[in-house]
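**Q** Before anything else, here's the structure in question.
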Amino acid sequence: MPRYKPITKLTEDLEKAIVKGKKAAAKKVTMALIEEGPWWTGTFGENWIVSKNPVQATRKRKPDFPHYLIPDPTARQIKNPRVPNVTLGQDLFIGNRAKYAGFAINAPGQTRPSISGQEVTYAQHGQQFSLTATGGPNWYNIYTKGGLINKDIALAFKKVGFK
């Protein structure tokens with residue numbers, strides 16, 4: 001005969017399930033940002049993290065490759081992001097620690113020097129060179145505001161048992 005838990009355990013069980021889904025969603029979204037985003041030296045892709053606190057862009061870029069050399073995307077090593085333990089009421093933040101993260105997501109006003117030394121946005125950079133981000137210069141907005149992030153969150157919760 002099946003054993004049933006007392007109703008008094010319902011909220012505890014729901015909390016555990018939601019926290020498990022929350023962690024799975026953070027991992028899924030972070031992996032998507034790594035895979036969809038631009039890659040060149042690897043600095044940007046390797047610096048997506050999940051944290052209990054807002055993420056600060058403090059990491060320097062790895063040495064540049066020559067502008068004409070685009071590294072092989074299949075050679076990159078993508079590591080599963082570490083997701084900290086949290087409770088139901090704690091926030092999780094997904095962010096990028098690379099100093100040029102604002103440029104790489106084509107955030108308004110974020111620029112980097114071009115080869116000629118002129119400050120350009122990621123979109124302007126893409127007019128001169130092939131972009132490595134899936135979806136072009138607006139890849140981040142397409143993912144976060146275009147609904148793809150919601151699809152990944154739903155998939156992550158399904159994976160841990162939510163229907």
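Residue numbering restarts at 1 in every chain; chains get A, B, ... in the order shown in the structure tokens, and ligands count up from 1 in that same order.
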Skip stretch 142-148 of chain A itself and residues of its chain fewer than 2 positions away, then list as a VMD selection string all residues within 12 Å of it, counting only C-alpha atoms.

**A** chain A and resid 28 to 30 32 to 37 94 105 to 106 133 to 140 150 to 155

**Q** Restricting the output to N, CA and C atoms, write the selected residues as a PDB file, in the first residue's frame.

**A**
ATOM      1  N   LYS A  28      20.166  26.635 -16.873  1.00  0.00           N
ATOM      2  CA  LYS A  28      19.738  26.583 -18.277  1.00  0.00           C
ATOM      3  C   LYS A  28      19.927  27.945 -18.951  1.00  0.00           C
ATOM      4  N   VAL A  29      19.518  29.017 -18.272  1.00  0.00           N
ATOM      5  CA  VAL A  29      19.647  30.363 -18.836  1.00  0.00           C
ATOM      6  C   VAL A  29      21.120  30.729 -19.009  1.00  0.00           C
ATOM      7  N   THR A  30      21.940  30.424 -18.021  1.00  0.00           N
ATOM      8  CA  THR A  30      23.370  30.732 -18.113  1.00  0.00           C
ATOM      9  C   THR A  30      24.012  29.984 -19.274  1.00  0.00           C
ATOM     10  N   ALA A  32      22.548  28.993 -21.987  1.00  0.00           N
ATOM     11  CA  ALA A  32      22.068  29.602 -23.226  1.00  0.00           C
ATOM     12  C   ALA A  32      22.827  30.894 -23.525  1.00  0.00           C
ATOM     13  N   LEU A  33      23.079  31.696 -22.506  1.00  0.00           N
ATOM     14  CA  LEU A  33      23.832  32.941 -22.705  1.00  0.00           C
ATOM     15  C   LEU A  33      25.257  32.650 -23.173  1.00  0.00           C
ATOM     16  N   ILE A  34      25.850  31.615 -22.618  1.00  0.00           N
ATOM     17  CA  ILE A  34      27.203  31.217 -23.033  1.00  0.00           C
ATOM     18  C   ILE A  34      27.187  30.783 -24.498  1.00  0.00           C
ATOM     19  N   GLU A  35      26.219  29.958 -24.857  1.00  0.00           N
ATOM     20  CA  GLU A  35      26.175  29.390 -26.205  1.00  0.00           C
ATOM     21  C   GLU A  35      25.743  30.393 -27.266  1.00  0.00           C
ATOM     22  N   GLU A  36      24.831  31.296 -26.922  1.00  0.00           N
ATOM     23  CA  GLU A  36      24.313  32.258 -27.895  1.00  0.00           C
ATOM     24  C   GLU A  36      25.210  33.482 -28.059  1.00  0.00           C
ATOM     25  N   GLY A  37      25.932  33.823 -27.009  1.00  0.00           N
ATOM     26  CA  GLY A  37      26.713  35.055 -27.006  1.00  0.00           C
ATOM     27  C   GLY A  37      27.970  35.004 -27.842  1.00  0.00           C
ATOM     28  N   ILE A  94      22.203  36.385 -12.603  1.00  0.00           N
ATOM     29  CA  ILE A  94      23.036  35.863 -13.686  1.00  0.00           C
ATOM     30  C   ILE A  94      23.689  37.078 -14.330  1.00  0.00           C
ATOM     31  N   ILE A 105      26.885  42.765 -25.109  1.00  0.00           N
ATOM     32  CA  ILE A 105      25.428  42.594 -25.184  1.00  0.00           C
ATOM     33  C   ILE A 105      24.792  43.754 -25.947  1.00  0.00           C
ATOM     34  N   ASN A 106      25.621  44.630 -26.504  1.00  0.00           N
ATOM     35  CA  ASN A 106      25.186  45.781 -27.291  1.00  0.00           C
ATOM     36  C   ASN A 106      24.292  46.718 -26.476  1.00  0.00           C
ATOM     37  N   ALA A 133      28.258  36.118 -32.326  1.00  0.00           N
ATOM     38  CA  ALA A 133      27.047  35.855 -31.548  1.00  0.00           C
ATOM     39  C   ALA A 133      25.945  35.335 -32.460  1.00  0.00           C
ATOM     40  N   THR A 134      25.235  34.319 -31.986  1.00  0.00           N
ATOM     41  CA  THR A 134      24.070  33.827 -32.700  1.00  0.00           C
ATOM     42  C   THR A 134      23.024  34.928 -32.658  1.00  0.00           C
ATOM     43  N   GLY A 135      22.476  35.307 -33.795  1.00  0.00           N
ATOM     44  CA  GLY A 135      21.440  36.338 -33.804  1.00  0.00           C
ATOM     45  C   GLY A 135      21.948  37.739 -34.029  1.00  0.00           C
ATOM     46  N   GLY A 136      23.244  37.897 -34.297  1.00  0.00           N
ATOM     47  CA  GLY A 136      23.776  39.214 -34.602  1.00  0.00           C
ATOM     48  C   GLY A 136      23.977  40.097 -33.383  1.00  0.00           C
ATOM     49  N   PRO A 137      24.076  41.420 -33.605  1.00  0.00           N
ATOM     50  CA  PRO A 137      24.425  42.317 -32.508  1.00  0.00           C
ATOM     51  C   PRO A 137      23.363  42.396 -31.411  1.00  0.00           C
ATOM     52  N   ASN A 138      22.132  42.083 -31.734  1.00  0.00           N
ATOM     53  CA  ASN A 138      21.059  42.155 -30.734  1.00  0.00           C
ATOM     54  C   ASN A 138      20.725  40.798 -30.129  1.00  0.00           C
ATOM     55  N   TRP A 139      21.678  39.894 -30.128  1.00  0.00           N
ATOM     56  CA  TRP A 139      21.456  38.535 -29.627  1.00  0.00           C
ATOM     57  C   TRP A 139      20.914  38.532 -28.201  1.00  0.00           C
ATOM     58  N   TYR A 140      21.419  39.417 -27.344  1.00  0.00           N
ATOM     59  CA  TYR A 140      21.018  39.440 -25.932  1.00  0.00           C
ATOM     60  C   TYR A 140      19.561  39.871 -25.786  1.00  0.00           C
ATOM     61  N   ASN A 150      12.095  32.804 -21.480  1.00  0.00           N
ATOM     62  CA  ASN A 150      10.915  32.201 -20.840  1.00  0.00           C
ATOM     63  C   ASN A 150      10.768  30.737 -21.225  1.00  0.00           C
ATOM     64  N   LYS A 151      11.069  30.433 -22.469  1.00  0.00           N
ATOM     65  CA  LYS A 151      11.018  29.045 -22.941  1.00  0.00           C
ATOM     66  C   LYS A 151      12.034  28.199 -22.171  1.00  0.00           C
ATOM     67  N   ASP A 152      13.249  28.722 -21.989  1.00  0.00           N
ATOM     68  CA  ASP A 152      14.279  27.980 -21.260  1.00  0.00           C
ATOM     69  C   ASP A 152      13.913  27.794 -19.786  1.00  0.00           C
ATOM     70  N   ILE A 153      13.309  28.806 -19.181  1.00  0.00           N
ATOM     71  CA  ILE A 153      12.879  28.677 -17.785  1.00  0.00           C
ATOM     72  C   ILE A 153      11.816  27.592 -17.672  1.00  0.00           C
ATOM     73  N   ALA A 154      10.858  27.601 -18.584  1.00  0.00           N
ATOM     74  CA  ALA A 154       9.803  26.579 -18.572  1.00  0.00           C
ATOM     75  C   ALA A 154      10.394  25.182 -18.767  1.00  0.00           C
ATOM     76  N   LEU A 155      11.349  25.058 -19.690  1.00  0.00           N
ATOM     77  CA  LEU A 155      12.001  23.761 -19.924  1.00  0.00           C
ATOM     78  C   LEU A 155      12.736  23.273 -18.681  1.00  0.00           C
TER      79      LEU A 155
END

**Q** If you run DSSP on this backbone, which residues of stretch 2-56 of chain A come out as alpha helix (DSSP H), and could you give them as an NGL selection string?

**A** :A and (10-36 or 43-46)

**Q** May I have the residues within 8 Å of A:Ala24 as a VMD selection string, using only C-alpha atoms and disregarding those fewer than 2 positions away in the same chain?

**A** chain A and resid 20 to 22 26 to 28 156 to 157 160

**Q** Please dump the current selection as a short mmCIF file (atom, residue, chain, number, x, y, z; two decimals), in the first residue's frame; keep C-alpha atoms.

**A**
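Result saved to selection.cif:
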data_model
loop_
_atom_site.label_atom_id
_atom_site.label_comp_id
_atom_site.auth_asym_id
_atom_site.auth_seq_id
_atom_site.Cartn_x
_atom_site.Cartn_y
_atom_site.Cartn_z
CA LYS A 20 15.15 22.95 -7.41
CA GLY A 21 13.40 24.50 -10.43
CA LYS A 22 14.92 27.89 -9.70
CA ALA A 26 19.51 29.55 -13.59
CA LYS A 27 21.77 26.86 -15.04
CA LYS A 28 19.74 26.58 -18.28
CA ALA A 156 14.14 23.80 -16.79
CA PHE A 157 11.10 23.56 -14.50
CA VAL A 160 12.71 18.86 -12.53
#

**Q** May I have the residues within 10 Å of stretch 107-112 of chain A as a count of residues only, using only C-alpha atoms and disregarding those fewer than 6 positions away in the same chain?

**A** 14

**Q** Do you have the atom CA of A:Pro81-atom CA of A:Thr58 distance handy?

**A**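 We find that atom CA of A:Pro81 and atom CA of A:Thr58 lie 18.2 Å from each other.
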
**Q** Quick one: residues within 12 Å of A:Leu88, only C-alpha atoms counted, chain neighbours fewer than 6 positions away excluded, as a PyMOL selection string?

**A** chain A and resi 11-23

**Q** Which residue is closest to A:Asn53? Choose from A:Lys159, A:Pro84, A:Ile78, A:Gly117 and count only C-alpha atoms.

**A**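 For A:Asn53, the nearest of the candidates is A:Pro84.
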
**Q** Which residue out of A:Arg97, A:Pro63, A:Gln77, A:Arg3 has the minimum interatomic distance to A:Trp48 when only C-alpha atoms are used?

**A**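 For A:Trp48, the nearest of the candidates is A:Arg97.
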
**Q** Could you check how far atom CA of A:Arg59 sits from atom CA of A:Ala98, in Å to one decimal?

**A**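 Straight-line distance from atom CA of A:Arg59 to atom CA of A:Ala98 works out to 4.6 Å.
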
**Q** If DSSP is run on the backbone, what residues of chain A are strand (DSSP E)? A reply as a PDB file with N, CA and C atoms, in the first residue's frame would be ideal.

**A**
ATOM      1  N   TRP A  48      30.259  34.167 -17.555  1.00  0.00           N
ATOM      2  CA  TRP A  48      28.861  34.160 -17.125  1.00  0.00           C
ATOM      3  C   TRP A  48      28.796  33.364 -15.831  1.00  0.00           C
ATOM      4  N   ILE A  49      28.198  33.940 -14.801  1.00  0.00           N
ATOM      5  CA  ILE A  49      28.080  33.246 -13.521  1.00  0.00           C
ATOM      6  C   ILE A  49      26.690  33.440 -12.927  1.00  0.00           C
ATOM      7  N   VAL A  50      26.369  32.554 -12.002  1.00  0.00           N
ATOM      8  CA  VAL A  50      25.157  32.659 -11.199  1.00  0.00           C
ATOM      9  C   VAL A  50      25.625  33.001  -9.790  1.00  0.00           C
ATOM     10  N   SER A  51      25.017  34.020  -9.200  1.00  0.00           N
ATOM     11  CA  SER A  51      25.458  34.508  -7.902  1.00  0.00           C
ATOM     12  C   SER A  51      24.260  34.893  -7.035  1.00  0.00           C
ATOM     13  N   PHE A  93      21.246  35.913  -9.274  1.00  0.00           N
ATOM     14  CA  PHE A  93      21.614  36.858 -10.312  1.00  0.00           C
ATOM     15  C   PHE A  93      22.474  36.135 -11.341  1.00  0.00           C
ATOM     16  N   ILE A  94      22.203  36.385 -12.603  1.00  0.00           N
ATOM     17  CA  ILE A  94      23.036  35.863 -13.686  1.00  0.00           C
ATOM     18  C   ILE A  94      23.689  37.078 -14.330  1.00  0.00           C
ATOM     19  N   GLY A  95      25.007  37.060 -14.388  1.00  0.00           N
ATOM     20  CA  GLY A  95      25.712  38.193 -14.956  1.00  0.00           C
ATOM     21  C   GLY A  95      27.046  37.786 -15.526  1.00  0.00           C
ATOM     22  N   ASN A  96      27.671  38.732 -16.183  1.00  0.00           N
ATOM     23  CA  ASN A  96      28.960  38.478 -16.807  1.00  0.00           C
ATOM     24  C   ASN A  96      30.016  39.364 -16.158  1.00  0.00           C
ATOM     25  N   ARG A 112      33.739  50.009 -27.352  1.00  0.00           N
ATOM     26  CA  ARG A 112      35.138  49.581 -27.228  1.00  0.00           C
ATOM     27  C   ARG A 112      35.885  50.190 -28.398  1.00  0.00           C
ATOM     28  N   PRO A 113      37.183  50.361 -28.250  1.00  0.00           N
ATOM     29  CA  PRO A 113      37.956  50.908 -29.379  1.00  0.00           C
ATOM     30  C   PRO A 113      38.026  49.900 -30.531  1.00  0.00           C
ATOM     31  N   GLU A 119      35.881  54.645 -30.972  1.00  0.00           N
ATOM     32  CA  GLU A 119      34.929  53.940 -30.109  1.00  0.00           C
ATOM     33  C   GLU A 119      33.718  53.488 -30.927  1.00  0.00           C
ATOM     34  N   VAL A 120      33.392  52.184 -30.848  1.00  0.00           N
ATOM     35  CA  VAL A 120      32.252  51.641 -31.591  1.00  0.00           C
ATOM     36  C   VAL A 120      31.409  50.756 -30.683  1.00  0.00           C
TER      37      VAL A 120
END
